[in-house]
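For reference, the structure discussed in these notes is given below.
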Amino acid sequence: VEHVQHATTSWGQLAQAMGGALKQEKCFSYFLSYKFVGGKANLKSIKDLPTSTCKIVVNTATGKTAPSHVRVPQPDGTLAPIPTLDVKQATKTLGVFFSPAGDGTKHVQMMVGKGELWLDRLQTKPLPSRDAWLSFFIQLYPGMDWGLHTIILPPKKLEALFQALYYKCLSKLGVNRCITREWRMLPPIYLGLGMPNMVVNCLAGKIFFLQCSWGFEEAECEMMRQAYEAFLIEVGLSGDVFQQDFAKLGVLSTLGTWFSNLWELASHLGVSIS
């Protein structure tokens with residue numbers, strides 16, 4: 001904790017020297033410290049961390065408090081405490097709801113929530129079917145598709161979350177809501193509705209992210225390379241892992257990790273990655 005505090009203070013003072021500042025209400029911290037249970041490494045929860053220096057209110061409406069282990073420097077020279085969050089608690093960062101030990105369920109739920117808000121507005125002021133479809137693809141779809149490459153949900157769970165939303169929307173789009181799942185996402189050239197297949201989009205986003213990050217010298221690119229090497233060591237298979245059948249060999253990887261999910265999605269969709 002002392003090392004983290006020293007690094008945070010230095011970083012905050014550097015930001016001030018460059019004309020910026022760390023706002024207390026926008027700052028929080030996660031401690032990615034591990035403990036071993038039965039020989040397996042698990043991220044420590046808040047109760048496993050050292051005693052906090054104080055508690056601060058994180059929700060004024062409910063009075064909910066959170067422990068604080070780190071303080072950020074302020075322009076007036078004081079140090080303001082920031083909350084320490086549990087590794088399973090998702091927070092919004094650049095439009096993505098992320099938690100170190102999460103699987104992205106929170107993010108998908110928030111994206112589906114955008115769809116439900118859009119549907120409520122459509123029910124309040126109905127539009128002709130043609131305009132409703134235009135709004136769906138231009139206004140709603142980009143918002144729901146944002147950040148899909150960060151989630152690590154199994155394909156069936158991911159699809160189920162979005163299909164429940166599609167079912168609610170179809171009647172307002174002038175389509176029988178009981179139409180089968182395949183016809184919903186089939187391209188219009190094959191007489192389908194052409195609704196987004198979020199499982200395909202998720203895999204496409206991950207592959208595009210790999211293409212943009214692999215082989216470069218930035219810090220995030222190096223972290224990805226290290227994560228991939230750890231993934232290969234854990235799986236322990238020779239050759240190209242992504243060419244193997246995830247249904248048979250996926251148990252060798254730790255579920256809920258990015259490369260394991262990439263393997264699962266590619267195997268599920270029959271996509272070859274090499």
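Just so we're on the same page: first chain in the structure tokens is A, next is B, and so on; residues restart at 1 for each chain, and ligands are numbered from 1 in the order they show up.
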Using DSSP secondary structure from the backbone, list all helix (DSSP H, G or I) positions within stretch 44-181 of chain A, as a VMD selection string.
chain A and resid 46 to 48 105 to 124 129 to 145 148 to 150 155 to 173 181
Mind checking which residues fall within 12 Å of A:Phe259, counting only C-alpha atoms, ignoring those fewer than 3 positions away in the same chain, and posting them as a ChimeraX atom specification?
/A:149-153,203,206-207,210,224-232,234-235,241-242,246,250,253-256,262-266,273
Of the residues A:Leu134, A:Leu49, A:Leu252, A:Met18, which is the one nearest to A:Lys35, using only C-alpha atoms?
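With only C-alpha atoms as the atom set, the closest residue is A:Leu49.
Coordinates place atom CA of A:Gln16 at a distance of 21.5 Å from atom CA of A:His69.
The smallest atom-to-atom distance between A:Val72 and any of A:Cys27, A:Val96, A:Ile56, A:Ala41, using only C-alpha atoms, is found for A:Cys27.
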Counting only C-alpha atoms, what is within 10 Å of A:Leu122, bar same-chain residues fewer than 2 positions away, as a PDB file with C-alpha atoms, in the first residue's frame?
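Ended up saving to around_38.pdb:
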```
ATOM      1  CA  GLU A 116     -34.744  -0.713 -23.066  1.00  0.00           C
ATOM      2  CA  LEU A 117     -34.572   3.074 -22.707  1.00  0.00           C
ATOM      3  CA  TRP A 118     -34.779   3.413 -26.488  1.00  0.00           C
ATOM      4  CA  LEU A 119     -37.791   1.082 -26.478  1.00  0.00           C
ATOM      5  CA  ASP A 120     -39.538   3.098 -23.751  1.00  0.00           C
ATOM      6  CA  THR A 124     -44.096   6.846 -25.694  1.00  0.00           C
ATOM      7  CA  LYS A 125     -43.907   8.325 -29.183  1.00  0.00           C
ATOM      8  CA  PRO A 126     -44.347   5.571 -31.789  1.00  0.00           C
ATOM      9  CA  LEU A 127     -42.661   5.876 -35.167  1.00  0.00           C
ATOM     10  CA  ALA A 132     -38.060   2.839 -36.183  1.00  0.00           C
ATOM     11  CA  SER A 135     -33.357   4.631 -35.462  1.00  0.00           C
ATOM     12  CA  CYS A 169     -38.328  -4.550 -29.721  1.00  0.00           C
ATOM     13  CA  LYS A 172     -42.508  -1.912 -32.177  1.00  0.00           C
ATOM     14  CA  LEU A 173     -40.523  -2.482 -35.367  1.00  0.00           C
TER      15      LEU A 173
END
```
